[in-house]
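Below you'll find the structure, written out as structure tokens, and then a few comments.
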Amino acid sequence: MNRIVIENCAVATVDAHDTAYACGHVVVAGNRIESVGAGRAPEGLGGVVRRVDGTGHLVTPGLVNTHHHFYQWLTRGLAQDCNLFDWLVALYPTWARIDEDMVHAAARGSLAMMVRGGVTTAMDHHYVFPRGAGDLLGAEIRAAREMGVRFTAARGSMDRGASDGGLPPDFAVETTEGALAATEQAVDTHHDPGFDSMLQIAVAPCSPFSVSTDLLREAAALARRKGVRLHTHGSETVEEEKFCHELFGMGPTDYFESTGWLGEDVWMAHCVHMNDADIHAFARTGTGVAHCPSSNARLAAGIARVPDMLAEGVPVGLGVDGTASNESGELHTELRNALLINRLGAHREKALTTRQALRLGTYGGAQVLGRQDQIGSLEAGKLADLVLWKLDGLGHSSIEDPVAALVLGAAAPVALSLVNGRPVVEAGRLLTADEDEIARDARTEARRLARIAAES
């Protein structure tokens, strides 16, 4: 069995005890982590195809993204001063014109930014399926396979168009029956439940204000019949909360519970406007949260109560969110932003520590995706998804604590990133794709989309 040995580096395992080594090693055998520990790797290992001197570096689990919308890569920098609903109204007419080539280019751009920044497991929530647009979910899956990244594709849906009081144009939504049938087909065609799966499918109606109650209920039943996870947006803004009270006579969390949408197989994006009872309900049922601090700030949604969620035992991971509301598209910046933004909240300097921020981006993400037994920490037997961060340059030169350097310092370059034991990034550059080509293709498709939308 081929082995990769990384040694002489700081190690943050993010295991249950937050075990760390000031100078340690990680041995990868095939696609599994074989050993992690202090000092140099064991002597006499056979099949070593590569030895990496990690002096001046920190090795961590690979970052796990838990919420994104890849297609939005083509509409970055627009609707710059809007809240969520105004932003959606401004952009839906453009998004409703996407097609398969556009989504493939956008997915490659979104994935490239994340992967070169330390993401080893990506996730996307795609819910816009205009009629005649082609195989949009397949375009994303193809892009993830090309990039060599582990991927959870959340097959989204909307069945509430403008004529039914929703925000998207009618031709960009599906019928309830059509959405459920397409979602079931996606699960049957693509979902791999195996331990070392590179592709899993989740069932993901978009949000309470863009789908019918029937779609929510039937989607939950479908996911549980198929044994896959459930994802949606929840409690993102005060406007959403008002909408739920006016239409359903209850807040978002109570509405979700009434439709079968709380449970250990569910995670929701944002969850900004949660009261104590909502947090208790998530903790009681094991429902997870994808925390998206940059997007929440970009759309002025508010500060999610992450410290209170963690204190109650709610699983919490980090999400980039779509790059039309987080133009950087990088998850490693969310480590820093999660810590800083939460310290503006009620708990102030006690809100989050640097190690809690790292846990959100690694083990926490694995937990909300239901893969904590396979990824999210550096432990023997787990899949070899890891990142070696370069911390010996100018940007981190006087920070002795390597985790603090990673979380609080400038964005650290990725010296090496492994997914399933295979290198995907080295010296800050993608090994699996041409970044310049990706940029050119995305620019071309973004301009084509803008032209088509302007002519429509």
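Note on naming: chains are A, B, ... as they come in the structure tokens, residues start from 1 per chain, ligands start from 1 in the order shown.
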
(request) Extract, using only C-alpha atoms, all DNA, RNA and protein residues at most 9 Å from Glu379 in chain A, discarding same-chain residues fewer than 4 positions from it, and format them as a PyMOL selection string. (result) chain A and resi 13-15+33-36+375+383

Show me a table, sorted first by chain and then by increasing residue number, of the residues of range 206-283 of chain A having an atom at most 10 Å from range 311-315 of chain A, each with its shortest atom pair and the distance in Å to one decimal, counting only C-alpha atoms and written as a Markdown table.
| residue | atom | partner | partner_atom | distance |
| --- | --- | --- | --- | --- |
| A:Glu264 | CA | A:Pro315 | CA | 9.2 |
| A:Trp267 | CA | A:Pro315 | CA | 8.6 |
| A:Asp276 | CA | A:Glu312 | CA | 10.0 |
| A:Ile279 | CA | A:Glu312 | CA | 7.4 |
| A:His280 | CA | A:Glu312 | CA | 7.0 |
| A:Ala281 | CA | A:Val314 | CA | 9.3 |
| A:Phe282 | CA | A:Val314 | CA | 6.2 |
| A:Ala283 | CA | A:Val314 | CA | 4.8 |

(message) Restricting the calculation to only C-alpha atoms: of A:Gly77, A:Gly56, A:Gly381, A:Gly62, which residue gets closest to Arg32 in chain A?
(response)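 Nearest candidate to Arg32 in chain A out of A:Gly77, A:Gly56, A:Gly381, A:Gly62: A:Gly381.
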
(request) Would you list the contacts of Gly322 in chain A as a list in words, taking every protein, DNA or RNA residue within 7 Å and counting only C-alpha atoms, but skipping same-chain residues closer than 4 positions in sequence? (result)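 Final neighbour list, sorted by chain and number: His68, His69, Phe70, Gln72 and Asn326 of chain A.
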
So that I have them on file, write out the residues from the current selection with N, CA and C atoms, as a PDB file, in the first residue's frame.
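Result file is again-v2.pdb:
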ATOM      1  N   HIS A  68     -23.891  26.176   0.104  1.00  0.00           N
ATOM      2  CA  HIS A  68     -23.380  26.932  -1.042  1.00  0.00           C
ATOM      3  C   HIS A  68     -24.446  26.936  -2.129  1.00  0.00           C
ATOM      4  N   HIS A  69     -24.274  27.863  -3.092  1.00  0.00           N
ATOM      5  CA  HIS A  69     -25.064  27.876  -4.333  1.00  0.00           C
ATOM      6  C   HIS A  69     -24.077  28.188  -5.450  1.00  0.00           C
ATOM      7  N   PHE A  70     -23.562  27.161  -6.080  1.00  0.00           N
ATOM      8  CA  PHE A  70     -22.488  27.332  -7.058  1.00  0.00           C
ATOM      9  C   PHE A  70     -22.871  28.274  -8.199  1.00  0.00           C
ATOM     10  N   GLN A  72     -24.333  30.889  -8.413  1.00  0.00           N
ATOM     11  CA  GLN A  72     -24.241  32.325  -8.142  1.00  0.00           C
ATOM     12  C   GLN A  72     -22.851  32.900  -8.448  1.00  0.00           C
ATOM     13  N   ASN A 326     -21.469  36.254  -0.903  1.00  0.00           N
ATOM     14  CA  ASN A 326     -20.152  36.110  -0.265  1.00  0.00           C
ATOM     15  C   ASN A 326     -19.142  35.980  -1.396  1.00  0.00           C
TER      16      ASN A 326
END

(request) Extract, using only C-alpha atoms, all DNA, RNA and protein residues at most 8 Å from Gly109 in chain A, discarding same-chain residues fewer than 6 positions from it, and format them as a ChimeraX atom specification. (result) /A:73,438-439,442

Given only C-alpha atoms, how would the per-residue table for range 359-451 of chain A near range 83-97 of chain A read, listing every residue at most 12 Å away with its closest atom pair and distance in Å to one decimal, sorted by chain and number, as a Markdown table?
| residue | atom | partner | partner_atom | distance |
| --- | --- | --- | --- | --- |
| A:Glu445 | CA | A:Arg97 | CA | 11.5 |
| A:Ala446 | CA | A:Thr94 | CA | 10.3 |
| A:Arg447 | CA | A:Thr94 | CA | 11.3 |
| A:Arg448 | CA | A:Arg97 | CA | 9.9 |
| A:Leu449 | CA | A:Arg97 | CA | 6.8 |
| A:Ala450 | CA | A:Thr94 | CA | 7.0 |
| A:Arg451 | CA | A:Thr94 | CA | 9.5 |

(message) Which residues are near Pro293 in chain A? Cut-off 9 Å, only C-alpha atoms, ignore same chain within fewer than 6 positions. Put them as a list of chain:residue names.
(response) A:His270, A:Gly302, A:Ile303, A:Ala304, A:Leu318, A:Gly319, A:Val320, A:Glu334, A:Asn337, A:Ala338, A:Ile341, A:Asn342

Would you output that residue set with C-alpha atoms, as an mmCIF file, in the first residue's frame?
data_model
loop_
_atom_site.group_PDB
_atom_site.id
_atom_site.type_symbol
_atom_site.label_atom_id
_atom_site.label_comp_id
_atom_site.auth_asym_id
_atom_site.auth_seq_id
_atom_site.Cartn_x
_atom_site.Cartn_y
_atom_site.Cartn_z
ATOM 1 C CA HIS A 270 -28.324 30.376 8.507
ATOM 2 C CA GLY A 302 -28.025 39.452 11.703
ATOM 3 C CA ILE A 303 -25.787 37.429 14.001
ATOM 4 C CA ALA A 304 -26.666 33.770 14.524
ATOM 5 C CA LEU A 318 -19.663 26.511 8.400
ATOM 6 C CA GLY A 319 -20.926 27.501 4.981
ATOM 7 C CA VAL A 320 -19.638 29.787 2.260
ATOM 8 C CA GLU A 334 -15.223 31.889 7.481
ATOM 9 C CA ASN A 337 -15.371 35.680 10.402
ATOM 10 C CA ALA A 338 -17.293 33.202 12.540
ATOM 11 C CA ILE A 341 -18.792 38.295 14.139
ATOM 12 C CA ASN A 342 -19.956 36.155 17.040
#

(request) Skip range 182-185 of chain A itself and residues of its chain fewer than 3 positions away, then list as JSON, numbers by chain all residues within 7 Å of it, counting only C-alpha atoms. (result) {"A": [155, 178, 179, 188, 189, 203]}

(message) Give me the residues near range 346-356 of chain A as an NGL selection string, where near means some atom within 12 Å (using only C-alpha atoms) and where sequence neighbours in that chain fewer than 3 positions away do not count.
(response) :A and (12-20 or 60 or 303-311 or 316-318 or 334-343 or 359-364 or 401-409)

Pull C-alpha atoms from the residues just selected and write them as a CSV table (one decimal), in the first residue's frame.
chain,number,residue,atom,x,y,z
A,12,ALA,CA,-4.4,19.9,15.2
A,13,THR,CA,-6.4,16.7,15.2
A,14,VAL,CA,-9.8,18.2,16.1
A,15,ASP,CA,-10.7,14.9,17.8
A,16,ALA,CA,-13.0,14.6,20.8
A,17,HIS,CA,-10.2,15.9,23.1
A,18,ASP,CA,-8.8,18.5,20.7
A,19,THR,CA,-5.5,16.7,20.8
A,20,ALA,CA,-2.7,18.7,19.4
A,60,THR,CA,-5.5,20.0,10.1
A,303,ILE,CA,-25.8,37.4,14.0
A,304,ALA,CA,-26.7,33.8,14.5
A,305,ARG,CA,-26.6,32.6,18.2
A,306,VAL,CA,-23.8,30.1,17.5
A,307,PRO,CA,-22.4,30.1,21.1
A,308,ASP,CA,-25.9,29.3,22.5
A,309,MET,CA,-26.4,26.5,19.9
A,310,LEU,CA,-23.1,24.9,20.8
A,311,ALA,CA,-23.8,25.2,24.5
A,316,VAL,CA,-23.0,23.5,13.8
A,317,GLY,CA,-20.8,23.7,10.7
A,318,LEU,CA,-19.7,26.5,8.4
A,334,GLU,CA,-15.2,31.9,7.5
A,335,LEU,CA,-13.1,30.5,10.4
A,336,ARG,CA,-12.0,34.1,11.2
A,337,ASN,CA,-15.4,35.7,10.4
A,338,ALA,CA,-17.3,33.2,12.5
A,339,LEU,CA,-15.1,34.1,15.5
A,340,LEU,CA,-15.1,37.8,15.0
A,341,ILE,CA,-18.8,38.3,14.1
A,342,ASN,CA,-20.0,36.2,17.0
A,343,ARG,CA,-17.8,38.3,19.4
A,359,ARG,CA,-13.9,22.7,14.8
A,360,LEU,CA,-16.9,24.4,13.1
A,361,GLY,CA,-15.0,24.3,9.8
A,362,THR,CA,-14.0,20.7,10.1
A,363,TYR,CA,-15.6,18.2,12.5
A,364,GLY,CA,-18.8,20.4,12.9
A,401,ASP,CA,0.1,29.4,18.4
A,402,PRO,CA,-0.5,27.8,15.0
A,403,VAL,CA,-4.3,27.5,15.4
A,404,ALA,CA,-4.5,31.2,16.3
A,405,ALA,CA,-2.3,31.9,13.3
A,406,LEU,CA,-4.6,30.0,11.0
A,407,VAL,CA,-7.9,31.4,12.4
A,408,LEU,CA,-6.9,35.0,13.3
A,409,GLY,CA,-4.1,35.7,10.9

(request) Identify which of the residues A:Ala162, A:Val173, A:Cys271, A:Val64 lies closest to Tyr127 in chain A, counting only C-alpha atoms when measuring atom-to-atom distances. (result) A:Val173

(message) For a quick check of understanding, using only C-alpha atoms, which of A:Leu418, A:Val59, A:Val187, A:Ala433 has the smallest distance to Asn31 in chain A?
(response)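 Of A:Leu418, A:Val59, A:Val187, A:Ala433, the one nearest Asn31 in chain A, counting only C-alpha atoms, is A:Leu418.
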
(request) Tell me which of A:Ala290, A:Leu394, A:Met274, A:Val26 sits closest to Glu241 in chain A, counting only C-alpha atoms. (result) A:Met274

(request) Give me, please, the distance in Å between CA of Val368 in chain A and CA of Val289 in chain A, quoted to one decimal. (result)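 Between these atoms lies a distance of 6.9 Å.
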
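Taking only C-alpha atoms into account, Leu416 in chain A lies nearest to A:Leu386 out of the set A:Ala133, A:Ala223, A:Leu344, A:Leu386.
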
(request) Measure the distance from CA of Met268 in chain A to CA of Arg142 in chain A in Å and round it to one decimal. (result)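 Distance between the two atoms: 25.1 Å.
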
(request) From range 67-181 of chain A, collect each residue whose DSSP state is alpha helix (DSSP H) and return the set as a ChimeraX atom specification. (result) /A:84-95,100-116,136-147,176-181

Go ahead and write the selection's residues with N, CA and C atoms as a compact mmCIF listing (two decimals), in the first residue's frame.
# COMPACT_ATOMS: atom_id res chain seq x y z
N LEU A 84 -32.14 40.35 2.16
CA LEU A 84 -32.35 39.09 1.44
C LEU A 84 -33.47 39.17 0.42
N PHE A 85 -34.65 39.61 0.82
CA PHE A 85 -35.79 39.58 -0.10
C PHE A 85 -35.56 40.51 -1.29
N ASP A 86 -35.04 41.72 -1.05
CA ASP A 86 -34.77 42.64 -2.16
C ASP A 86 -33.68 42.08 -3.08
N TRP A 87 -32.70 41.43 -2.50
CA TRP A 87 -31.61 40.80 -3.26
C TRP A 87 -32.15 39.69 -4.16
N LEU A 88 -33.04 38.87 -3.60
CA LEU A 88 -33.64 37.80 -4.38
C LEU A 88 -34.48 38.35 -5.53
N VAL A 89 -35.28 39.37 -5.24
CA VAL A 89 -36.11 39.98 -6.29
C VAL A 89 -35.24 40.54 -7.40
N ALA A 90 -34.10 41.14 -7.02
CA ALA A 90 -33.20 41.72 -8.02
C ALA A 90 -32.52 40.66 -8.89
N LEU A 91 -32.23 39.50 -8.32
CA LEU A 91 -31.40 38.52 -9.02
C LEU A 91 -32.17 37.36 -9.64
N TYR A 92 -33.35 37.04 -9.15
CA TYR A 92 -34.08 35.90 -9.71
C TYR A 92 -34.32 36.01 -11.22
N PRO A 93 -34.64 37.20 -11.77
CA PRO A 93 -34.83 37.26 -13.22
C PRO A 93 -33.59 36.85 -14.01
N THR A 94 -32.40 37.08 -13.45
CA THR A 94 -31.16 36.63 -14.10
C THR A 94 -30.94 35.15 -13.86
N TRP A 95 -31.07 34.72 -12.61
CA TRP A 95 -30.85 33.31 -12.29
C TRP A 95 -31.79 32.40 -13.09
N GLU A 100 -27.12 24.59 -18.59
CA GLU A 100 -26.15 23.58 -18.16
C GLU A 100 -24.71 24.06 -18.30
N ASP A 101 -24.36 24.69 -19.41
CA ASP A 101 -22.99 25.16 -19.58
C ASP A 101 -22.64 26.23 -18.55
N MET A 102 -23.58 27.11 -18.27
CA MET A 102 -23.34 28.14 -17.26
C MET A 102 -23.10 27.53 -15.89
N VAL A 103 -23.94 26.58 -15.52
CA VAL A 103 -23.81 25.96 -14.19
C VAL A 103 -22.50 25.20 -14.08
N HIS A 104 -22.07 24.54 -15.14
CA HIS A 104 -20.80 23.82 -15.09
C HIS A 104 -19.64 24.80 -14.87
N ALA A 105 -19.64 25.89 -15.60
CA ALA A 105 -18.58 26.89 -15.43
C ALA A 105 -18.62 27.51 -14.04
N ALA A 106 -19.83 27.80 -13.55
CA ALA A 106 -19.97 28.39 -12.22
C ALA A 106 -19.53 27.41 -11.14
N ALA A 107 -19.89 26.15 -11.31
CA ALA A 107 -19.49 25.14 -10.32
C ALA A 107 -17.98 24.99 -10.28
N ARG A 108 -17.33 25.01 -11.43
CA ARG A 108 -15.88 24.91 -11.46
C ARG A 108 -15.23 26.11 -10.78
N GLY A 109 -15.77 27.30 -11.00
CA GLY A 109 -15.23 28.47 -10.32
C GLY A 109 -15.41 28.40 -8.82
N SER A 110 -16.62 28.05 -8.38
CA SER A 110 -16.91 27.95 -6.94
C SER A 110 -16.04 26.89 -6.28
N LEU A 111 -15.94 25.73 -6.91
CA LEU A 111 -15.14 24.63 -6.36
C LEU A 111 -13.66 24.98 -6.33
N ALA A 112 -13.17 25.60 -7.38
CA ALA A 112 -11.74 25.94 -7.43
C ALA A 112 -11.35 26.86 -6.28
N MET A 113 -12.17 27.87 -6.01
CA MET A 113 -11.85 28.79 -4.91
C MET A 113 -11.85 28.07 -3.57
N MET A 114 -12.81 27.19 -3.36
CA MET A 114 -12.86 26.49 -2.09
C MET A 114 -11.71 25.50 -1.95
N VAL A 115 -11.48 24.70 -2.99
CA VAL A 115 -10.48 23.64 -2.90
C VAL A 115 -9.09 24.22 -2.71
N ARG A 116 -8.74 25.27 -3.44
CA ARG A 116 -7.41 25.86 -3.28
C ARG A 116 -7.26 26.53 -1.92
N LEU A 136 -28.70 20.35 -14.92
CA LEU A 136 -27.97 21.28 -14.07
C LEU A 136 -27.29 20.57 -12.90
N LEU A 137 -27.97 19.64 -12.27
CA LEU A 137 -27.33 18.90 -11.18
C LEU A 137 -26.17 18.07 -11.71
N GLY A 138 -26.36 17.45 -12.87
CA GLY A 138 -25.27 16.68 -13.48
C GLY A 138 -24.06 17.54 -13.80
N ALA A 139 -24.29 18.80 -14.17
CA ALA A 139 -23.17 19.71 -14.46
C ALA A 139 -22.33 19.94 -13.22
N GLU A 140 -22.99 20.08 -12.07
CA GLU A 140 -22.26 20.26 -10.82
C GLU A 140 -21.50 19.00 -10.43
N ILE A 141 -22.15 17.88 -10.57
CA ILE A 141 -21.51 16.62 -10.21
C ILE A 141 -20.29 16.38 -11.08
N ARG A 142 -20.41 16.68 -12.36
CA ARG A 142 -19.28 16.54 -13.27
C ARG A 142 -18.12 17.45 -12.85
N ALA A 143 -18.43 18.68 -12.46
CA ALA A 143 -17.39 19.62 -12.04
C ALA A 143 -16.67 19.14 -10.78
N ALA A 144 -17.43 18.61 -9.82
CA ALA A 144 -16.81 18.12 -8.59
C ALA A 144 -15.92 16.92 -8.86
N ARG A 145 -16.36 16.05 -9.77
CA ARG A 145 -15.56 14.88 -10.12
C ARG A 145 -14.25 15.33 -10.80
N GLU A 146 -14.34 16.31 -11.67
CA GLU A 146 -13.15 16.83 -12.34
C GLU A 146 -12.18 17.45 -11.34
N MET A 147 -12.71 18.10 -10.31
CA MET A 147 -11.88 18.77 -9.33
C MET A 147 -11.27 17.80 -8.32
N THR A 176 -44.93 20.43 -7.95
CA THR A 176 -44.62 19.63 -6.77
C THR A 176 -44.26 18.20 -7.18
N GLU A 177 -45.05 17.61 -8.04
CA GLU A 177 -44.82 16.23 -8.47
C GLU A 177 -43.52 16.12 -9.26
N GLY A 178 -43.27 17.10 -10.13
CA GLY A 178 -42.06 17.07 -10.94
C GLY A 178 -40.81 17.20 -10.09
N ALA A 179 -40.85 18.07 -9.08
CA ALA A 179 -39.70 18.25 -8.20
C ALA A 179 -39.40 16.98 -7.42
N LEU A 180 -40.43 16.35 -6.91
CA LEU A 180 -40.23 15.12 -6.13
C LEU A 180 -39.69 13.99 -7.01
N ALA A 181 -40.23 13.88 -8.22
CA ALA A 181 -39.76 12.82 -9.12
C ALA A 181 -38.31 13.04 -9.52

(request) Taking the DSSP assignment computed from this structure's backbone, write out as a PyMOL selection string all residues of range 71-276 of chain A that belong to strand (DSSP E). (result) chain A and resi 119-126+150-157+199-205+230-234+266-270
